[in-house]
file work03.cif (mmCIF, C-alpha atoms and all ligand atoms)
data_input
#
loop_
_atom_site.label_atom_id
_atom_site.label_comp_id
_atom_site.auth_asym_id
_atom_site.auth_seq_id
_atom_site.Cartn_x
_atom_site.Cartn_y
_atom_site.Cartn_z
CA MET A 1 -169.66 5.25 -35.03
CA LYS A 2 -172.66 6.14 -37.15
CA ILE A 3 -174.50 9.45 -36.80
CA LYS A 4 -178.01 9.73 -38.22
CA LEU A 5 -179.30 13.26 -38.61
CA LEU A 6 -183.04 13.57 -37.89
CA PRO A 7 -184.79 16.85 -38.81
CA ALA A 8 -187.51 18.05 -36.40
CA LEU A 9 -189.89 21.05 -36.12
CA SER A 10 -189.08 23.74 -38.70
CA ASP A 11 -185.29 23.84 -38.47
CA ASN A 12 -184.10 21.72 -35.51
CA TYR A 13 -181.78 18.73 -35.82
CA MET A 14 -181.78 15.67 -33.56
CA TYR A 15 -178.90 13.20 -33.89
CA LEU A 16 -179.03 9.45 -33.38
CA ILE A 17 -175.56 8.22 -32.38
CA ILE A 18 -174.88 4.52 -32.91
CA ASP A 19 -171.95 2.44 -31.69
CA GLU A 20 -171.86 -0.20 -34.41
CA ASP A 21 -169.82 -2.67 -32.31
CA THR A 22 -172.37 -2.97 -29.49
CA ARG A 23 -175.48 -1.55 -31.29
CA GLU A 24 -175.95 0.80 -28.35
CA ALA A 25 -177.31 4.24 -29.22
CA ALA A 26 -177.91 7.72 -27.80
CA ILE A 27 -180.06 10.58 -29.05
CA VAL A 28 -179.20 14.28 -28.93
CA ASP A 29 -182.15 16.63 -28.17
CA PRO A 30 -185.11 14.32 -29.01
CA VAL A 31 -187.82 16.98 -29.39
CA ALA A 32 -189.81 14.71 -31.77
CA PRO A 33 -190.01 11.31 -30.00
CA GLU A 34 -191.97 9.52 -32.76
CA THR A 35 -189.29 10.32 -35.33
CA VAL A 36 -186.61 9.07 -32.93
CA LEU A 37 -188.40 5.80 -32.15
CA LYS A 38 -188.92 5.10 -35.84
CA ALA A 39 -185.20 5.57 -36.53
CA VAL A 40 -184.29 3.40 -33.52
CA GLN A 41 -186.46 0.59 -34.93
CA GLU A 42 -185.14 0.98 -38.47
CA GLU A 43 -181.54 0.88 -37.27
CA ASN A 44 -182.31 -1.96 -34.87
CA VAL A 45 -180.37 -0.39 -31.97
CA LYS A 46 -180.70 -0.25 -28.19
CA LEU A 47 -181.40 3.35 -27.16
CA LYS A 48 -179.67 3.92 -23.80
CA LYS A 49 -179.12 7.65 -23.36
CA ILE A 50 -180.48 11.10 -24.10
CA LEU A 51 -177.86 13.85 -24.46
CA THR A 52 -179.56 17.20 -23.82
CA THR A 53 -177.71 20.35 -24.87
CA HIS A 54 -179.96 22.83 -23.04
CA HIS A 55 -183.37 23.28 -21.45
CA HIS A 56 -185.21 25.14 -24.25
CA TRP A 57 -188.39 23.30 -25.24
CA ASP A 58 -187.30 22.78 -28.86
CA HIS A 59 -184.38 20.70 -27.54
CA ALA A 60 -185.50 19.18 -24.21
CA GLY A 61 -189.27 19.19 -24.81
CA GLY A 62 -189.41 15.51 -25.80
CA ASN A 63 -187.52 14.09 -22.82
CA GLU A 64 -190.52 13.29 -20.57
CA ASP A 65 -192.28 11.48 -23.40
CA MET A 66 -189.12 9.55 -24.36
CA VAL A 67 -188.53 8.18 -20.84
CA LYS A 68 -192.16 7.00 -20.72
CA LYS A 69 -191.69 5.11 -23.99
CA VAL A 70 -188.16 3.68 -23.54
CA PRO A 71 -187.35 1.71 -20.37
CA ASP A 72 -184.21 2.61 -18.34
CA LEU A 73 -183.31 5.59 -20.52
CA GLU A 74 -180.64 7.82 -18.92
CA VAL A 75 -180.99 11.58 -19.42
CA TYR A 76 -177.82 13.71 -19.45
CA GLY A 77 -177.72 17.49 -19.25
CA GLY A 78 -176.31 20.45 -17.37
CA ASP A 79 -179.42 22.27 -16.17
CA ASP A 80 -182.09 21.45 -13.52
CA ARG A 81 -184.76 22.86 -15.90
CA ILE A 82 -184.25 19.87 -18.24
CA GLY A 83 -187.20 17.45 -18.09
CA ALA A 84 -186.59 13.88 -16.79
CA LEU A 85 -182.90 14.64 -16.04
CA THR A 86 -181.15 11.66 -14.39
CA HIS A 87 -177.45 12.55 -14.88
CA LYS A 88 -176.50 16.18 -14.26
CA VAL A 89 -173.13 16.78 -15.90
CA LYS A 90 -170.46 19.50 -15.69
CA MET A 91 -167.24 20.52 -17.49
CA GLY A 92 -164.99 17.55 -18.18
CA ASP A 93 -167.44 14.82 -17.14
CA LYS A 94 -167.03 11.62 -19.14
CA PHE A 95 -169.24 8.64 -20.00
CA THR A 96 -169.63 6.16 -22.86
CA ILE A 97 -172.14 5.11 -25.54
CA GLY A 98 -171.12 1.50 -26.08
CA LYS A 99 -167.44 1.91 -26.96
CA ILE A 100 -167.71 5.61 -27.89
CA ASN A 101 -166.14 8.03 -25.38
CA VAL A 102 -168.13 11.17 -24.55
CA GLU A 103 -166.74 14.30 -22.88
CA CYS A 104 -168.94 17.14 -21.64
CA LEU A 105 -168.00 20.78 -22.27
CA PHE A 106 -169.79 23.40 -20.17
CA THR A 107 -170.64 26.33 -22.49
CA PRO A 108 -172.91 28.77 -20.62
CA CYS A 109 -174.31 31.91 -22.37
CA HIS A 110 -177.25 30.99 -24.66
CA THR A 111 -178.52 29.39 -21.42
CA THR A 112 -176.69 29.11 -18.08
CA GLY A 113 -176.63 25.29 -18.19
CA HIS A 114 -175.68 24.63 -21.83
CA ILE A 115 -173.50 21.55 -22.51
CA CYS A 116 -171.68 20.51 -25.72
CA TYR A 117 -170.75 16.84 -26.11
CA VAL A 118 -167.49 15.67 -27.74
CA LEU A 119 -167.54 12.11 -29.11
CA ASP A 120 -164.48 10.03 -29.87
CA ASP A 121 -164.62 6.44 -31.11
CA GLY A 122 -160.85 6.09 -31.57
CA GLY A 123 -161.17 6.87 -35.30
CA ASP A 124 -159.49 9.67 -37.23
CA SER A 125 -161.65 12.60 -36.14
CA SER A 126 -163.96 13.47 -33.25
CA SER A 127 -167.44 15.00 -33.40
CA VAL A 128 -168.93 17.75 -31.26
CA PHE A 129 -172.66 18.36 -30.69
CA THR A 130 -172.99 22.06 -30.08
CA GLY A 131 -176.73 22.66 -29.56
CA ASP A 132 -177.44 26.41 -29.64
CA THR A 133 -173.92 27.51 -28.63
CA LEU A 134 -172.12 27.17 -31.99
CA PHE A 135 -174.07 27.11 -35.27
CA SER A 136 -172.45 26.80 -38.65
CA ALA A 137 -171.41 30.38 -39.49
CA GLY A 138 -173.06 31.73 -36.33
CA CYS A 139 -173.79 31.26 -32.64
CA GLY A 140 -176.78 31.26 -30.30
CA ARG A 141 -178.33 34.40 -28.87
CA PHE A 142 -176.95 35.42 -25.47
CA PHE A 143 -180.25 34.86 -23.58
CA GLU A 144 -178.65 34.05 -20.20
CA GLY A 145 -175.03 35.13 -20.51
CA THR A 146 -172.38 37.55 -21.67
CA ALA A 147 -169.99 38.16 -24.56
CA GLU A 148 -167.17 37.18 -22.22
CA GLN A 149 -168.74 33.74 -21.76
CA MET A 150 -169.34 33.22 -25.49
CA PHE A 151 -165.75 34.30 -26.19
CA ARG A 152 -164.57 31.60 -23.80
CA ASN A 153 -166.96 29.01 -25.33
CA LEU A 154 -166.05 29.65 -28.96
CA ILE A 155 -162.39 30.64 -28.75
CA GLU A 156 -160.99 28.95 -25.65
CA VAL A 157 -163.13 25.80 -25.48
CA LEU A 158 -164.60 24.77 -28.87
CA GLY A 159 -161.88 26.65 -30.79
CA LYS A 160 -159.22 24.49 -29.12
CA LEU A 161 -160.67 21.26 -30.55
CA PRO A 162 -158.74 19.86 -33.56
CA ASP A 163 -159.63 21.49 -36.89
CA ASP A 164 -161.00 18.22 -38.29
CA THR A 165 -163.57 17.87 -35.46
CA LYS A 166 -167.02 17.56 -37.05
CA VAL A 167 -169.59 20.10 -35.82
CA PHE A 168 -173.21 18.97 -35.41
CA CYS A 169 -175.34 21.95 -34.34
CA GLY A 170 -178.94 22.32 -33.16
CA HIS A 171 -180.50 24.27 -36.04
CA GLU A 172 -180.29 24.65 -39.82
CA TYR A 173 -179.50 28.39 -39.79
CA THR A 174 -176.40 28.26 -41.98
CA LEU A 175 -177.53 30.28 -44.99
CA GLN A 176 -179.04 33.08 -42.86
CA ASN A 177 -175.85 33.09 -40.78
CA LEU A 178 -173.67 33.28 -43.90
CA ARG A 179 -175.63 36.29 -45.13
CA TYR A 180 -174.60 38.09 -41.94
CA ALA A 181 -171.03 36.72 -42.19
CA LYS A 182 -170.79 38.23 -45.69
CA HIS A 183 -172.02 41.57 -44.35
CA VAL A 184 -169.19 41.48 -41.77
CA GLU A 185 -166.50 40.34 -44.24
CA PRO A 186 -167.57 41.15 -47.83
CA ASN A 187 -164.12 40.18 -49.15
CA ASN A 188 -163.85 36.78 -47.45
CA VAL A 189 -163.68 34.24 -50.32
CA ASP A 190 -164.27 31.25 -48.00
CA ILE A 191 -167.63 32.75 -47.04
CA GLN A 192 -168.62 33.25 -50.69
CA GLN A 193 -167.67 29.65 -51.51
CA ARG A 194 -169.51 28.29 -48.47
CA ILE A 195 -172.67 30.20 -49.53
CA GLU A 196 -172.56 28.47 -52.92
CA TRP A 197 -171.93 25.05 -51.33
CA CYS A 198 -174.79 25.52 -48.82
CA ARG A 199 -177.22 26.82 -51.47
CA GLU A 200 -176.66 23.68 -53.51
CA LYS A 201 -177.14 21.46 -50.43
CA ARG A 202 -180.40 23.19 -49.45
CA GLU A 203 -181.73 23.14 -53.03
CA ASN A 204 -181.26 19.37 -52.99
CA GLY A 205 -183.06 19.14 -49.64
CA GLU A 206 -179.84 18.24 -47.84
CA PRO A 207 -178.48 19.56 -44.53
CA THR A 208 -175.42 21.85 -44.34
CA VAL A 209 -174.37 19.87 -41.26
CA PRO A 210 -171.81 18.66 -40.27
CA SER A 211 -169.30 21.45 -40.60
CA THR A 212 -165.86 21.27 -38.97
CA ILE A 213 -164.05 23.45 -36.46
CA GLY A 214 -161.51 24.26 -39.20
CA ILE A 215 -164.24 25.45 -41.59
CA GLU A 216 -165.90 27.52 -38.85
CA LYS A 217 -162.61 29.29 -38.18
CA LEU A 218 -162.66 30.43 -41.84
CA ILE A 219 -166.32 31.49 -42.16
CA ASN A 220 -167.87 32.14 -38.73
CA PRO A 221 -167.54 35.79 -37.63
CA PHE A 222 -168.04 34.82 -33.98
CA MET A 223 -165.01 32.51 -34.19
CA ARG A 224 -163.04 35.23 -36.02
CA VAL A 225 -163.08 38.01 -33.41
CA GLY A 226 -159.27 38.11 -33.56
CA ILE A 227 -159.15 38.64 -37.34
CA SER A 228 -158.47 42.25 -38.37
CA SER A 229 -161.28 42.48 -40.97
CA VAL A 230 -163.83 41.50 -38.30
CA GLN A 231 -162.31 43.87 -35.77
CA GLN A 232 -162.42 46.68 -38.33
CA HIS A 233 -166.09 46.00 -39.10
CA THR A 234 -167.01 46.37 -35.42
CA GLN A 235 -164.59 49.25 -34.81
CA LYS A 236 -163.38 47.37 -31.71
CA GLU A 237 -160.03 45.80 -30.86
CA ASN A 238 -160.66 44.01 -27.59
CA LEU A 239 -161.84 40.53 -28.55
CA VAL A 240 -164.71 40.39 -26.05
CA ASP A 241 -165.86 43.82 -27.28
CA VAL A 242 -165.81 42.47 -30.86
CA MET A 243 -167.92 39.49 -29.76
CA HIS A 244 -170.40 41.81 -28.02
CA ALA A 245 -170.67 44.12 -31.05
CA LEU A 246 -171.22 41.24 -33.50
CA ARG A 247 -173.98 39.66 -31.41
CA LYS A 248 -175.67 43.03 -30.90
CA GLU A 249 -175.64 43.74 -34.64
CA LYS A 250 -176.85 40.26 -35.60
CA ASP A 251 -179.71 40.38 -33.08
CA THR A 252 -181.49 42.83 -35.40
CA PHE A 253 -179.84 41.97 -38.76
CA LYS A 254 -182.44 41.41 -41.48
C1 LIG B 301 -183.32 32.48 -37.48
O1 LIG B 301 -184.34 31.87 -37.82
O2 LIG B 301 -182.39 32.64 -38.21
N1 LIG B 301 -182.35 34.20 -36.22
C2 LIG B 301 -183.15 33.00 -36.09
C3 LIG B 301 -184.43 33.34 -35.35
C4 LIG B 301 -182.27 29.67 -31.29
S1 LIG B 301 -183.90 28.92 -31.00
C5 LIG B 301 -184.76 32.36 -34.28
C6 LIG B 301 -183.81 32.46 -33.09
O3 LIG B 301 -183.66 33.50 -32.44
N2 LIG B 301 -183.19 31.33 -32.78
C7 LIG B 301 -182.35 31.17 -31.61
C8 LIG B 301 -180.94 31.71 -31.81
O4 LIG B 301 -180.18 31.71 -30.87
N3 LIG B 301 -180.60 32.12 -33.04
C9 LIG B 301 -179.29 32.59 -33.37
C10 LIG B 301 -179.32 33.88 -34.16
O5 LIG B 301 -180.39 34.45 -34.35
O6 LIG B 301 -178.24 34.33 -34.55
N4 LIG B 301 -185.57 29.09 -28.85
O7 LIG B 301 -186.29 28.28 -29.60
C11 LIG B 301 -184.32 29.60 -29.42
O8 LIG B 301 -183.24 29.33 -28.55
C12 LIG B 301 -186.01 29.43 -27.56
C13 LIG B 301 -186.81 28.55 -26.84
C14 LIG B 301 -185.64 30.66 -26.98
C15 LIG B 301 -187.21 28.88 -25.56
C16 LIG B 301 -186.07 30.97 -25.72
C17 LIG B 301 -186.83 30.09 -25.03
BR1 LIG B 301 -187.39 30.54 -23.27
ZN ZN B 302 -182.06 27.47 -27.50
#

call {"tool": "encode", "arguments": {"input": "work03.cif", "output": "structure tokens"}}
result
Amino acid sequence: MKIKLLPALSDNYMYLIIDEDTREAAIVDPVAPETVLKAVQEENVKLKKILTTHHHWDHAGGNEDMVKKVPDLEVYGGDDRIGALTHKVKMGDKFTIGKINVECLFTPCHTTGHICYVLDDGGDSSSVFTGDTLFSAGCGRFFEGTAEQMFRNLIEVLGKLPDDTKVFCGHEYTLQNLRYAKHVEPNNVDIQQRIEWCREKRENGEPTVPSTIGIEKLINPFMRVGISSVQQHTQKENLVDVMHALRKEKDTFK
């Protein structure tokens, strides 16, 4: 499996997923159709599917245009507000991209119909496309959901994936997120080291994506609600209360 990261708008990422055996491809959140079509031509692949994480325009806003330009394109997603949707999916639904297996994880909170997609090509590690649910070192705002839901998404669903699962998220927010992570845990050495690593990446014009589930468990405060330093920062013990307090503080963190 080959994954081509395609930057779009100011800080969005689209991902072109290629099954090299069959040359079949899928695109995650194609908000900039011209960029996608150029990459599809360059890679000489057959684009078969759109994987939409959620209905926000900066993720789903290119769908209508894409289906006009690519014949027989299938559009996957978990929300009726997603343009050109052909395959509405729910928790545990499975399909394929060539020989790559895809499993849908329902992760409502940022929006009520948010889906993350886990890809497995039989190789050593899987990849998960997390849209605006899980960012590197952060998570999406709770526009349409609760701390209880995000706790379930991050701890009980995404947090149960193997540590070596690669994380491909919807935005390049990592350095801003790490600044907040450092505020929560000033003594966390993994956060300090990740800031240096990400600074170097960004200075060279490179993305900080992919991360891994294992790395996120070390640096992402929203995946660390059960760690005592994070609990102490929020002055809460109940894990959902910690999640709620972190999101509330980050909503206005400058
Ligand atoms: C930043 O630049 O670092 N804090 C952000 C500011 C996702 S995009 C922008 C922001 O709020 N981004 C959203 C988010 O969840 N950020 C996580 C965070 O701040 O910790 N969006 O474009 C956003 O989802 C959107 C589109 C929102 C349509 C509502 C509608 Br309706
Ligand atoms: Zn969003």

call {"tool": "residues_near_ligand", "arguments": {"input": "work03.cif", "ligand": "ligand ZN 302 (chain B)", "cutoff": "7 Å", "atoms": "all atoms listed in the file", "output": "PyMOL selection string"}}
result
chain A and resi 54+56+110+132

call {"tool": "residues_near_ligand", "arguments": {"input": "work03.cif", "ligand": "ligand LIG 301 (chain B)", "cutoff": "9 Å", "atoms": "all atoms listed in the file", "output": "PyMOL selection string"}}
result
chain A and resi 11-12+55-59+110-111+132-133+135+138-143+170-177+247+250-254

call {"tool": "closest_residue", "arguments": {"input": "work03.cif", "among": "A:Thr53, A:Arg152, A:Leu158, A:Pro71", "to": "A:His114", "atoms": "all atoms listed in the file"}}
result
A:Thr53

call {"tool": "atom_distance", "arguments": {"input": "work03.cif", "atom1": "atom CA of A:Ile155", "atom2": "atom CA of A:Thr107"}}
result
11.2 Å

call {"tool": "atom_distance", "arguments": {"input": "work03.cif", "atom1": "atom CA of A:Thr165", "atom2": "atom CA of A:Gly214"}}
result
7.7 Å

call {"tool": "residues_around", "arguments": {"input": "work03.cif", "residues": "A:Tyr76", "least_positions_apart": "6", "cutoff": "12 Å", "atoms": "all atoms listed in the file", "output": "ChimeraX atom specification"}}
result
/A:26-29,48-55,60,63,82-90,93-97,102-104,113-117

call {"tool": "residues_around", "arguments": {"input": "work03.cif", "residues": "A:Pro210", "least_positions_apart": "5", "cutoff": "12 Å", "atoms": "all atoms listed in the file", "output": "PyMOL selection string"}}
result
chain A and resi 3-5+13+15+126-130+134-137+164-172+174+198+201+215-216

call {"tool": "atom_distance", "arguments": {"input": "work03.cif", "atom1": "atom CA of A:His183", "atom2": "atom CA of A:Ile195"}}
result
12.5 Å

call {"tool": "residues_around", "arguments": {"input": "work03.cif", "residues": "A:Ala32", "least_positions_apart": "6", "cutoff": "8 Å", "atoms": "only C-alpha atoms", "output": "NGL selection string"}}
result
:A and (8-9 or 62)

call {"tool": "closest_residue", "arguments": {"input": "work03.cif", "among": "A:Pro221, A:Gly226, A:Gly145, A:Gly159", "to": "A:Glu185", "atoms": "all atoms listed in the file"}}
result
A:Pro221

call {"tool": "closest_residue", "arguments": {"input": "work03.cif", "among": "A:Lys217, A:Arg199, A:Lys236, A:Lys160", "to": "A:Leu105", "atoms": "all atoms listed in the file"}}
result
A:Lys160
